[in-house]
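Visitor: Have a peek at entry_24.cif (mmCIF, C-alpha atoms).
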data_protein
#
loop_
_atom_site.label_atom_id
_atom_site.label_comp_id
_atom_site.auth_asym_id
_atom_site.auth_seq_id
_atom_site.Cartn_x
_atom_site.Cartn_y
_atom_site.Cartn_z
CA MET A 717 1.73 0.93 4.89
CA LYS A 718 4.72 2.21 2.92
CA THR A 719 2.37 4.16 0.61
CA TYR A 720 0.68 5.91 3.55
CA THR A 721 4.07 6.74 5.11
CA LYS A 722 5.19 8.37 1.84
CA LEU A 723 1.92 10.31 1.73
CA ILE A 724 2.19 11.59 5.32
CA PHE A 725 5.80 12.75 4.93
CA SER A 726 5.40 14.16 1.41
CA LYS A 727 5.93 17.82 0.52
CA GLU A 728 2.29 17.91 -0.64
CA ILE A 729 1.01 17.08 2.86
CA LEU A 730 3.48 19.56 4.33
CA PHE A 731 1.97 22.17 2.01
CA VAL A 732 -1.59 21.28 3.12
CA LEU A 733 -0.53 21.55 6.77
CA PHE A 734 0.89 25.00 6.01
CA LEU A 735 -2.29 26.12 4.25
CA TYR A 736 -4.47 25.19 7.21
CA ALA A 737 -1.99 25.90 10.04
CA GLY A 738 -4.09 28.83 11.26
CA PHE A 739 -7.00 26.45 11.72
CA TYR A 740 -5.37 23.90 14.02
CA LYS A 741 -2.21 25.56 15.41
CA SER A 742 -3.76 26.35 18.82
CA VAL A 743 -3.60 22.63 19.73
CA VAL A 744 0.00 22.18 18.57
CA PRO A 745 2.49 21.84 21.48
CA PHE A 746 4.63 24.97 22.06
CA SER A 747 2.38 26.97 19.70
CA GLY A 748 2.66 29.90 22.11
CA ALA A 749 6.43 30.01 21.74
CA ILE A 750 6.71 28.94 18.09
CA ASP A 751 4.48 30.07 15.22
CA ILE A 752 3.73 26.77 13.46
CA THR A 753 2.61 28.63 10.31
CA ILE A 754 6.05 30.21 9.91
CA VAL A 755 7.81 26.90 10.66
CA LEU A 756 5.76 25.04 8.04
CA LEU A 757 6.12 27.93 5.59
CA PHE A 758 9.91 27.93 5.62
CA ALA A 759 10.09 24.12 5.74
CA SER A 760 7.85 23.93 2.66
CA ILE A 761 9.78 26.67 0.83
CA SER A 762 13.16 25.07 1.63
CA ILE A 763 12.19 21.59 0.40
CA THR A 764 10.49 22.94 -2.72
CA LEU A 765 13.36 25.24 -3.69
CA TYR A 766 15.81 22.37 -3.23
CA ASP A 767 13.74 20.16 -5.56
CA THR A 768 13.31 22.98 -8.08
CA ILE A 769 17.05 23.70 -8.19
CA LYS A 770 17.75 19.97 -8.47
CA ASP A 771 15.32 19.69 -11.41
CA GLY A 772 17.13 22.60 -13.05
CA TYR A 773 14.12 24.11 -14.84
CA LEU A 774 11.02 26.23 -14.32
CA TYR A 775 7.94 26.08 -16.54
CA LYS A 776 7.20 29.18 -18.60
CA GLN A 777 3.70 29.51 -17.10
CA SER A 778 5.18 29.32 -13.59
CA LEU A 779 7.71 32.04 -14.34
CA ILE A 780 5.05 34.37 -15.80
CA SER A 781 2.79 33.74 -12.80
CA ILE A 782 5.59 34.55 -10.34
CA ILE A 783 6.41 37.78 -12.18
CA ILE A 784 2.76 38.94 -12.21
CA PHE A 785 2.34 38.11 -8.53
CA MET A 786 5.58 39.91 -7.68
CA PHE A 787 4.14 43.06 -9.27
CA PHE A 788 1.20 42.72 -6.87
CA ILE A 789 3.51 42.30 -3.87
CA VAL A 790 5.74 45.21 -4.92
CA TYR A 791 2.72 47.49 -5.26
CA ILE A 792 1.47 46.42 -1.81
CA PHE A 793 4.82 47.43 -0.32
CA ILE A 794 4.72 50.74 -2.22
CA SER A 795 1.29 51.44 -0.69
CA TYR A 796 2.79 50.81 2.76
CA PHE A 797 4.58 54.17 2.51
CA TYR A 798 1.33 56.17 2.28
CA SER A 799 -0.87 53.94 4.43
CA PRO A 800 -2.04 55.55 7.71
CA SER A 801 -2.15 52.17 9.50
CA ALA A 802 0.49 51.24 12.06
CA TYR A 803 0.10 47.60 11.02
CA SER A 804 0.53 48.10 7.28
CA LEU A 805 4.02 46.59 7.18
CA THR A 806 2.84 43.55 9.15
CA LYS A 807 -0.02 42.94 6.72
CA SER A 808 2.31 43.45 3.73
CA LEU A 809 4.78 40.88 5.02
CA HIS A 810 2.05 38.45 6.12
CA PHE A 811 0.34 38.52 2.73
CA SER A 812 3.61 38.26 0.78
CA LEU A 813 4.79 35.23 2.72
CA THR A 814 1.60 33.23 3.39
CA SER A 815 -0.75 34.07 0.51
CA GLY A 816 2.25 34.43 -1.79
CA TRP A 817 3.47 30.92 -1.02
CA ALA A 818 -0.09 29.56 -1.16
CA PHE A 819 -0.16 30.72 -4.79
CA ILE A 820 3.42 30.12 -5.91
CA GLY A 821 3.96 26.97 -3.84
CA SER A 822 0.96 25.32 -5.52
CA PHE A 823 2.58 25.11 -8.95
CA LEU A 824 6.14 24.60 -7.73
CA ILE A 825 5.11 21.63 -5.56
CA ILE A 826 2.42 19.99 -7.70
CA LYS A 827 3.99 18.49 -10.82
CA SER A 828 1.77 15.48 -11.59
CA ASN A 829 -1.75 14.13 -11.22
CA ASN A 830 -0.49 11.97 -8.36
CA SER A 831 0.86 15.09 -6.66
CA PHE A 832 -2.56 16.72 -7.00
CA ASN A 833 -4.21 13.63 -5.48
CA LYS A 834 -1.88 13.82 -2.47
CA VAL A 835 -2.92 17.42 -1.82
CA PHE A 836 -6.61 16.57 -2.16
CA LYS A 837 -6.24 13.53 0.11
CA GLY A 838 -4.47 15.71 2.67
CA ILE A 839 -7.35 18.21 2.68
CA ILE A 840 -9.95 15.45 3.06
CA ILE A 841 -8.02 13.71 5.87
CA LEU A 842 -7.75 17.02 7.76
CA ALA A 843 -11.48 17.59 7.23
CA LEU A 844 -12.32 14.12 8.59
CA ILE A 845 -10.12 14.58 11.68
CA SER A 846 -11.69 17.99 12.31
CA SER A 847 -15.18 16.54 11.81
CA ILE A 848 -14.61 13.89 14.47
CA PHE A 849 -13.66 16.59 16.99
CA ALA A 850 -16.60 18.72 15.82
CA LEU A 851 -19.01 15.81 16.32
CA LYS A 852 -17.70 15.29 19.85
CA GLN A 853 -18.15 18.98 20.61
CA TYR A 854 -21.68 18.90 19.18
CA PHE A 855 -22.75 16.08 21.50
CA ASN A 856 -21.06 17.73 24.49
CA ASN A 857 -22.83 21.07 23.96
CA THR A 858 -25.98 21.51 26.02
CA ILE A 859 -27.07 24.35 23.73
CA HIS A 860 -26.73 23.99 19.96
CA THR A 861 -24.36 26.72 18.82
CA GLN A 862 -21.58 27.29 16.32
CA LEU A 863 -18.77 24.73 16.48
CA ASN A 864 -15.26 26.09 17.00
CA VAL A 865 -12.94 23.13 16.53
CA PHE A 866 -9.34 23.56 17.76
CA SER A 867 -10.41 26.96 19.16
CA SER A 868 -10.63 28.18 15.58
CA ASP A 869 -13.29 30.16 13.74
CA TYR A 870 -16.33 28.04 12.76
CA LEU A 871 -16.08 29.58 9.29
CA ALA A 872 -12.62 28.02 8.87
CA LEU A 873 -14.13 24.62 9.67
CA GLY A 874 -16.98 25.25 7.24
CA ARG A 875 -14.69 26.21 4.37
CA LEU A 876 -12.46 23.19 4.91
CA LEU A 877 -15.50 20.91 4.89
CA GLY A 878 -16.95 22.63 1.81
CA ILE A 879 -13.78 22.15 -0.25
CA SER A 880 -13.53 18.49 0.84
CA ILE A 881 -17.16 17.81 -0.09
CA LEU A 882 -16.62 19.29 -3.56
CA ILE A 883 -13.54 17.13 -4.17
CA LEU A 884 -15.44 14.00 -3.12
CA LEU A 885 -18.52 14.96 -5.12
CA ALA A 886 -16.43 15.30 -8.28
CA ASN A 887 -15.10 11.78 -7.66
CA ILE A 888 -18.64 10.42 -7.24
CA LEU A 889 -20.05 12.00 -10.40
CA LEU A 890 -17.10 12.01 -12.80
CA ILE A 891 -15.15 8.75 -12.39
CA LYS A 892 -16.07 5.10 -12.45
CA GLN A 893 -15.58 3.40 -9.10
CA SER A 894 -16.44 0.02 -7.68
CA ILE A 895 -19.70 -0.14 -5.73
CA THR A 896 -17.72 -0.43 -2.49
CA ASN A 897 -15.66 2.68 -3.23
CA LYS A 898 -18.73 4.57 -4.40
CA ILE A 899 -20.59 3.78 -1.18
CA PHE A 900 -17.57 4.68 0.98
CA THR A 901 -17.05 7.99 -0.86
CA SER A 902 -20.77 8.81 -0.63
CA MET A 903 -20.91 8.05 3.11
CA THR A 904 -17.80 10.16 3.73
CA THR A 905 -19.37 13.03 1.79
CA LEU A 906 -22.62 12.75 3.76
CA PHE A 907 -20.73 12.73 7.06
CA LEU A 908 -18.83 15.91 6.14
CA LEU A 909 -22.06 17.52 4.94
CA LEU A 910 -23.74 16.67 8.24
CA ILE A 911 -20.91 18.31 10.20
CA LEU A 912 -21.09 21.36 7.94
CA ILE A 913 -24.82 21.70 8.66
CA VAL A 914 -24.44 21.44 12.45
CA SER A 915 -21.37 23.74 12.49
CA GLY A 916 -23.63 26.79 12.06
CA GLY A 917 -21.76 28.54 9.24
CA ARG A 918 -24.28 30.16 6.91
CA ALA A 919 -21.97 31.27 4.11
CA PRO A 920 -19.93 28.03 3.78
CA LEU A 921 -23.10 25.94 3.42
CA LEU A 922 -25.04 28.33 1.18
CA PHE A 923 -22.05 28.84 -1.13
CA LEU A 924 -21.50 25.08 -1.22
CA ILE A 925 -25.06 24.65 -2.47
CA ILE A 926 -24.56 27.37 -5.12
CA THR A 927 -21.28 25.79 -6.27
CA ILE A 928 -22.91 22.35 -6.50
CA LEU A 929 -25.80 23.81 -8.55
CA ILE A 930 -23.27 25.35 -10.96
CA PHE A 931 -21.54 21.96 -11.18
CA LEU A 932 -24.83 20.15 -11.87
CA LEU A 933 -25.81 22.69 -14.53
CA PHE A 934 -22.64 21.87 -16.48
CA GLN A 935 -23.41 18.15 -16.25
CA VAL A 936 -26.35 18.62 -18.64
CA ASN A 937 -25.57 19.02 -22.34
CA LEU A 938 -27.93 19.46 -25.31
CA ASN A 939 -26.12 18.00 -28.31
CA ASN A 940 -27.86 17.53 -31.69
CA LYS A 941 -31.24 17.82 -29.97
CA THR A 942 -30.22 14.99 -27.66
CA LEU A 943 -30.16 15.67 -23.94
CA LYS A 944 -27.06 14.14 -22.33
CA TYR A 945 -26.41 14.04 -18.62
CA ASN A 946 -24.49 12.14 -15.96
CA LYS A 947 -26.22 8.86 -15.07
CA LEU A 948 -25.97 9.66 -11.36
CA LEU A 949 -27.43 13.15 -11.83
CA PRO A 950 -31.15 12.25 -11.33
CA SER A 951 -30.36 10.36 -8.11
CA PHE A 952 -28.28 13.24 -6.80
CA ILE A 953 -31.00 15.82 -7.60
CA VAL A 954 -33.59 13.67 -5.78
CA PHE A 955 -31.23 13.51 -2.81
CA LEU A 956 -30.79 17.30 -2.77
CA ILE A 957 -34.54 17.92 -2.96
CA THR A 958 -35.11 15.40 -0.15
CA VAL A 959 -32.56 17.12 2.10
CA VAL A 960 -34.13 20.55 1.42
CA LEU A 961 -37.63 19.23 2.22
CA ILE A 962 -36.43 17.60 5.43
CA PHE A 963 -34.68 20.85 6.40
CA PHE A 964 -37.82 22.99 6.02
CA LYS A 965 -40.45 20.47 7.14
CA SER A 966 -38.77 18.74 10.09
CA ASN A 967 -37.64 19.89 13.54
CA LEU A 968 -34.51 17.75 13.68
CA ALA A 969 -31.90 19.03 16.14
CA ILE A 970 -29.11 18.84 13.55
CA PHE A 971 -30.69 21.75 11.63
CA GLU A 972 -31.36 23.90 14.71
CA THR A 973 -28.15 25.98 14.72
CA PHE A 974 -28.25 26.67 10.98
CA LYS A 975 -31.99 27.50 11.01
CA THR A 976 -31.53 29.95 13.87
CA ARG A 977 -28.68 31.76 12.14
CA LEU A 978 -30.56 31.75 8.83
CA LEU A 979 -33.58 33.37 10.51
CA PHE A 980 -31.37 36.24 11.72
CA LEU A 981 -31.26 37.46 8.12
CA THR A 982 -35.02 38.13 8.14
CA THR A 983 -35.98 38.58 11.81
CA GLN A 984 -33.25 40.96 13.01
CA SER A 985 -32.66 44.53 11.89
CA GLY A 986 -30.11 44.63 9.08
CA GLY A 987 -30.02 40.83 8.96
CA GLY A 988 -28.43 40.54 12.40
CA ALA A 989 -25.23 41.93 13.83
CA SER A 990 -23.08 39.92 11.43
CA ALA A 991 -24.87 41.06 8.26
CA SER A 992 -25.35 44.71 9.30
CA GLY A 993 -21.71 44.93 10.37
CA ARG A 994 -20.64 43.74 6.92
CA ILE A 995 -22.85 46.32 5.22
CA ASP A 996 -21.26 49.12 7.28
CA ARG A 997 -17.81 47.88 6.29
CA LEU A 998 -18.73 47.71 2.62
CA LYS A 999 -19.97 51.32 2.70
CA ILE A 1000 -16.75 52.58 4.30
CA ALA A 1001 -14.61 50.63 1.83
CA PHE A 1002 -16.57 52.04 -1.11
CA ASP A 1003 -16.21 55.59 0.24
CA MET A 1004 -12.44 55.02 0.58
CA PHE A 1005 -12.30 53.89 -3.05
CA LYS A 1006 -14.30 56.91 -4.25
CA ASP A 1007 -11.97 59.22 -2.35
CA SER A 1008 -8.79 57.63 -3.77
CA PRO A 1009 -9.76 55.53 -6.82
CA ILE A 1010 -6.38 55.21 -8.54
CA TYR A 1011 -3.92 54.35 -5.75
CA GLY A 1012 -6.21 53.49 -2.85
CA LYS A 1013 -5.57 54.52 0.74
CA GLY A 1014 -2.72 52.06 1.31
CA ILE A 1015 -2.44 48.51 2.61
CA ASP A 1016 -4.38 47.91 5.86
CA SER A 1017 -5.77 51.46 5.71
CA PHE A 1018 -9.33 50.15 6.05
CA SER A 1019 -8.75 49.21 9.69
CA LYS A 1020 -7.70 52.82 10.36
CA TYR A 1021 -10.75 54.33 8.66
CA TYR A 1022 -13.12 51.80 10.25
CA GLY A 1023 -11.52 52.41 13.63
CA MET A 1024 -10.74 48.81 14.54
CA ALA A 1025 -7.30 47.19 14.28
CA ASN A 1026 -6.90 44.29 11.83
CA ASP A 1027 -10.41 44.77 10.45
CA TYR A 1028 -11.37 44.44 6.78
CA PRO A 1029 -14.40 44.92 4.47
CA HIS A 1030 -15.25 41.17 4.20
CA ASN A 1031 -15.10 41.49 0.42
CA ILE A 1032 -11.80 40.86 -1.34
CA PHE A 1033 -12.51 43.11 -4.33
CA LEU A 1034 -13.64 46.06 -2.20
CA GLU A 1035 -10.71 45.50 0.15
CA ILE A 1036 -8.25 45.71 -2.74
CA ALA A 1037 -10.14 48.66 -4.29
CA ALA A 1038 -10.18 50.61 -1.00
CA GLU A 1039 -6.56 49.95 -0.05
CA LEU A 1040 -4.83 49.56 -3.44
CA GLY A 1041 -7.20 51.31 -5.85
CA ILE A 1042 -7.71 50.59 -9.53
CA ILE A 1043 -4.03 49.66 -9.92
CA GLY A 1044 -4.40 46.91 -7.30
CA ILE A 1045 -7.66 45.67 -8.82
CA LEU A 1046 -6.04 45.59 -12.28
CA ILE A 1047 -3.06 43.49 -11.13
CA PHE A 1048 -5.33 41.15 -9.14
CA SER A 1049 -7.62 40.77 -12.19
CA ILE A 1050 -4.63 39.89 -14.38
CA ILE A 1051 -3.70 37.13 -11.90
CA LEU A 1052 -7.29 35.82 -12.01
CA ILE A 1053 -7.60 35.94 -15.81
CA PHE A 1054 -4.18 34.43 -16.49
CA SER A 1055 -4.87 31.56 -14.06
CA LEU A 1056 -8.32 30.85 -15.53
CA TYR A 1057 -6.90 30.94 -19.05
CA ASN A 1058 -4.46 28.18 -18.11
CA LEU A 1059 -7.20 26.01 -16.61
CA HIS A 1060 -9.15 26.14 -19.88
CA LEU A 1061 -6.61 23.95 -21.70
CA ASN A 1062 -8.05 20.61 -22.80
CA PHE A 1063 -10.89 20.97 -20.29
CA GLN A 1064 -13.08 18.15 -21.57
CA LYS A 1065 -10.77 16.03 -23.76
CA ASP A 1066 -10.09 13.06 -21.46
CA LYS A 1067 -11.54 11.85 -18.18
CA GLN A 1068 -8.48 12.48 -16.01
CA ASN A 1069 -8.12 16.08 -17.20
CA LYS A 1070 -11.86 16.63 -16.88
CA LEU A 1071 -11.89 15.35 -13.29
CA LEU A 1072 -8.87 17.41 -12.27
CA CYS A 1073 -10.17 20.54 -13.99
CA TRP A 1074 -13.51 20.29 -12.26
CA LYS A 1075 -11.97 19.80 -8.84
CA ILE A 1076 -9.82 22.90 -9.31
CA PHE A 1077 -12.65 24.95 -10.80
CA LEU A 1078 -15.10 24.01 -8.04
CA ILE A 1079 -12.57 24.96 -5.35
CA PHE A 1080 -12.02 28.27 -7.16
CA ILE A 1081 -15.74 29.08 -7.42
CA TYR A 1082 -16.33 28.13 -3.78
CA THR A 1083 -13.39 30.11 -2.40
CA LEU A 1084 -14.18 33.12 -4.63
CA LEU A 1085 -17.79 33.23 -3.39
CA ASN A 1086 -16.61 33.00 0.23
CA ALA A 1087 -13.97 35.70 -0.36
CA ASN A 1088 -16.75 38.15 -1.22
CA ILE A 1089 -18.54 37.76 2.11
CA SER A 1090 -15.83 37.00 4.69
CA GLY A 1091 -12.08 37.04 5.28
CA ASP A 1092 -9.38 39.39 3.96
CA ILE A 1093 -6.65 38.86 1.34
CA ILE A 1094 -4.66 36.94 3.96
CA GLY A 1095 -7.56 34.88 5.33
CA ASN A 1096 -8.61 33.85 1.82
CA ARG A 1097 -5.41 31.90 1.29
CA MET A 1098 -7.24 29.02 -0.40
CA LEU A 1099 -8.49 31.33 -3.16
CA PHE A 1100 -4.88 32.08 -4.13
CA THR A 1101 -4.11 28.37 -3.78
CA SER A 1102 -6.88 27.51 -6.27
CA LEU A 1103 -5.33 29.98 -8.75
CA GLY A 1104 -1.97 28.27 -8.24
CA PHE A 1105 -3.68 24.93 -8.89
CA MET A 1106 -4.69 26.24 -12.33
CA ILE A 1107 -1.08 27.04 -13.22
CA ALA A 1108 0.00 23.62 -11.91
CA PHE A 1109 -2.62 21.95 -14.12
CA SER A 1110 -1.36 23.86 -17.16
CA ASN A 1111 2.22 22.77 -16.44
CA ILE A 1112 1.22 19.11 -16.08
CA TYR A 1113 -0.89 19.19 -19.25
CA ARG A 1114 1.85 20.81 -21.33
CA HIS A 1115 4.43 18.36 -19.96
CA ASN A 1116 2.26 15.33 -20.79
CA LEU A 1117 1.53 16.75 -24.23
CA SER A 1118 5.22 17.16 -25.03
CA ILE A 1119 5.89 13.56 -23.91
CA ASN A 1120 3.07 12.21 -26.12
CA LYS A 1121 4.36 14.15 -29.14
CA SER A 1122 7.89 12.84 -28.68
#
I need this file expressed as structure tokens, please.
Guide:
Amino acid sequence: MKTYTKLIFSKEILFVLFLYAGFYKSVVPFSGAIDITIVLLFASISITLYDTIKDGYLYKQSLISIIIFMFFIVYIFISYFYSPSAYSLTKSLHFSLTSGWAFIGSFLIIKSNNSFNKVFKGIIILALISSIFALKQYFNNTIHTQLNVFSSDYLALGRLLGISILILLANILLIKQSITNKIFTSMTTLFLLLILIVSGGRAPLLFLIITILIFLLFQVNLNNKTLKYNKLLPSFIVFLITVVLIFFKSNLAIFETFKTRLLFLTTQSGGGASASGRIDRLKIAFDMFKDSPIYGKGIDSFSKYYGMANDYPHNIFLEIAAELGIIGILIFSIILIFSLYNLHLNFQKDKQNKLLCWKIFLIFIYTLLNANISGDIIGNRMLFTSLGFMIAFSNIYRHNLSINKS
């Protein structure tokens, strides 16, 4: 009981609650009068800064990461001065505070493997709670449609479930567990997968499948003409094939919403309103980039050119290219490359590092894929969080290495 109390009131769980505040805040009491995201943001920053000052040091990788990200934020604010959008300052501040803390807070808060586990547990617990409400909504609906838990976007639910499934899947395939734990983890994963299927989100499920296939591909290794693979891999592949066959061959109600939305891609002009709308946005964003390739049109300028407030291209690279130009893309790419470089350290040397690396890398791949089809630089907060995870991993690895050497 004491362990769970420490988990619930830890700064890691506070950070998770901040990351997903936009998903559940509509059901929080007094949410109309108080923005729970801002409350959790400043609470998380205050506690973390206090601990950092008390520790009296900052890792070199953390300092470099903060400096690079600050260049990105400064350039965003510079672009505010030539942006035609009336909401450019709002977007600049929103990104700097929320996405900025999602990135920086990750490596200032997470300082050990145990700290990482608390964050991952927090994400899974939130996914399970959301899934219970989603299941209730599914049974209450007379017509099978997209599930909007806590009055939030069904895509937000899908992404939360996708990340949780990947974390659990890494546990199943990469660490030894007792039979009881293995069964419990597998059943939890299947439950979350079921909710993801009935939720109706095309992109979260399709990108989950792609991410899992990438994961499985790396589980096979040809070494000295000997094929090595995870012992659970054949069973998992059989399971995946079985699910795919059931999906296409059966008329089960649980697949109805997803099948209907999947058919829109082939039966409706332009792939349906959702797909055709995205194509129009991509074209406008590309034209904006061609017209102003170096500096871009300014932060939030896309919404002005598209003619709809708070709109975006649904592709993070084109959004940055259109609004911040090549300079913005260059700084963003430096953040990506530097973060990935730090994840590479000691990737396969021991089981704990391997497990942690794969969890972080899978979350990165999944959030990056989603960021190129939906959400803006603010809505894709978990992508920046995954990059922060990489810096946190590097800090932990370097710290453990220095201890072992001494």
Visitor: I need the output of the PyMOL selection byres ((chain A and resi 1050) around 12) for this file as an NGL selection string; which residues are they?
Guide: :A and (780-781 or 783-785 or 787-788 or 1043-1049 or 1051-1057 or 1103)
Visitor: Show which residues sit within 12 Å of Leu889 of chain A, as number ranges by chain. Count only C-alpha atoms, and ignore same-chain residues fewer than 6 positions away.
Guide: A: 882-883, 898, 901-902, 928, 931-932, 934-935, 945-953, 1067, 1070-1071, 1074-1075
Visitor: Got a sec to resolve the PyMOL selection byres ((chain A and resi 727-729) around 6) on this structure and send the residues as a ChimeraX atom specification?
Guide: /A:726,730-732,835,838
Visitor: Calculated over only C-alpha atoms, which of the candidates A:Asn829, A:Glu1039, A:Arg918, A:Lys837 has the smallest distance to Leu733 of chain A?
Guide: A:Lys837
Visitor: Starting from the displayed file, determine the output of the PyMOL selection byres ((chain A and resi 1087) around 9) and express the residue list as a PDB file with C-alpha atoms, in the frame of the given file.
Guide:
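Resulting contents of part_12.pdb:
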ATOM      1  CA  HIS A1030     -15.250  41.170   4.200  1.00  0.00           C
ATOM      2  CA  ASN A1031     -15.100  41.490   0.420  1.00  0.00           C
ATOM      3  CA  ILE A1032     -11.800  40.860  -1.340  1.00  0.00           C
ATOM      4  CA  PHE A1033     -12.510  43.110  -4.330  1.00  0.00           C
ATOM      5  CA  TYR A1082     -16.330  28.130  -3.780  1.00  0.00           C
ATOM      6  CA  THR A1083     -13.390  30.110  -2.400  1.00  0.00           C
ATOM      7  CA  LEU A1084     -14.180  33.120  -4.630  1.00  0.00           C
ATOM      8  CA  LEU A1085     -17.790  33.230  -3.390  1.00  0.00           C
ATOM      9  CA  ASN A1086     -16.610  33.000   0.230  1.00  0.00           C
ATOM     10  CA  ASN A1088     -16.750  38.150  -1.220  1.00  0.00           C
ATOM     11  CA  ILE A1089     -18.540  37.760   2.110  1.00  0.00           C
ATOM     12  CA  SER A1090     -15.830  37.000   4.690  1.00  0.00           C
ATOM     13  CA  GLY A1091     -12.080  37.040   5.280  1.00  0.00           C
ATOM     14  CA  ASP A1092      -9.380  39.390   3.960  1.00  0.00           C
ATOM     15  CA  ILE A1093      -6.650  38.860   1.340  1.00  0.00           C
ATOM     16  CA  GLY A1095      -7.560  34.880   5.330  1.00  0.00           C
ATOM     17  CA  ASN A1096      -8.610  33.850   1.820  1.00  0.00           C
ATOM     18  CA  LEU A1099      -8.490  31.330  -3.160  1.00  0.00           C
TER      19      LEU A1099
END
Visitor: Do you have the atom CA of Ile895 of chain A-atom CA of Ala850 of chain A distance handy?
Guide: 28.8 Å
Visitor: Between atom CA of Leu842 of chain A and atom CA of Gln893 of chain A, what distance in Å does the model show, to one decimal?
Guide: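 Computing the Euclidean distance for atom CA of Leu842 of chain A and atom CA of Gln893 of chain A yields 23.0 Å.
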Visitor: Could you tell me how far atom CA of Asp1027 of chain A sits from atom CA of Ser915 of chain A, in Å to one decimal place?
Guide: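 If I compute the distance from atom CA of Ser915 of chain A to atom CA of Asp1027 of chain A, I get 23.8 Å.
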Visitor: Got a sec to check which residues sit within 8 Å of (-15.6, 28.1, 4.7), counting only C-alpha atoms, and write them as a list of chain:residue names?
Guide: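 Result, sorted by chain then residue number: A:Leu871, A:Ala872, A:Leu873, A:Gly874, A:Arg875, A:Leu876, A:Leu877, A:Gly878, A:Ile879, A:Gly917, A:Ala919, A:Pro920, A:Leu921, A:Thr1083, A:Asn1086.
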Visitor: List every protein, DNA or RNA residue that has at least one atom no more than 6 Å from (1.2, 22.0, 11.0) in the file's coordinates, counting all atoms listed in the file, and write the result as a PyMOL selection string.
Guide: chain A and resi 733-734+737+752
Visitor: Taking C-alpha atoms for each residue, export the selection above as a PDB file, keeping the file's coordinate frame.
Guide:
ATOM      1  CA  LEU A 733      -0.530  21.550   6.770  1.00  0.00           C
ATOM      2  CA  PHE A 734       0.890  25.000   6.010  1.00  0.00           C
ATOM      3  CA  ALA A 737      -1.990  25.900  10.040  1.00  0.00           C
ATOM      4  CA  ILE A 752       3.730  26.770  13.460  1.00  0.00           C
TER       5      ILE A 752
END
Visitor: Identify, on the basis of all atoms listed in the file, every residue whose closest approach to Leu998 of chain A does not exceed 9 Å; exclude the query and any residue fewer than 3 positions from it along the same chain; express the result as a VMD selection string.
Guide: chain A and resid 993 to 995 1001 to 1003 1029 to 1031 1034 to 1035
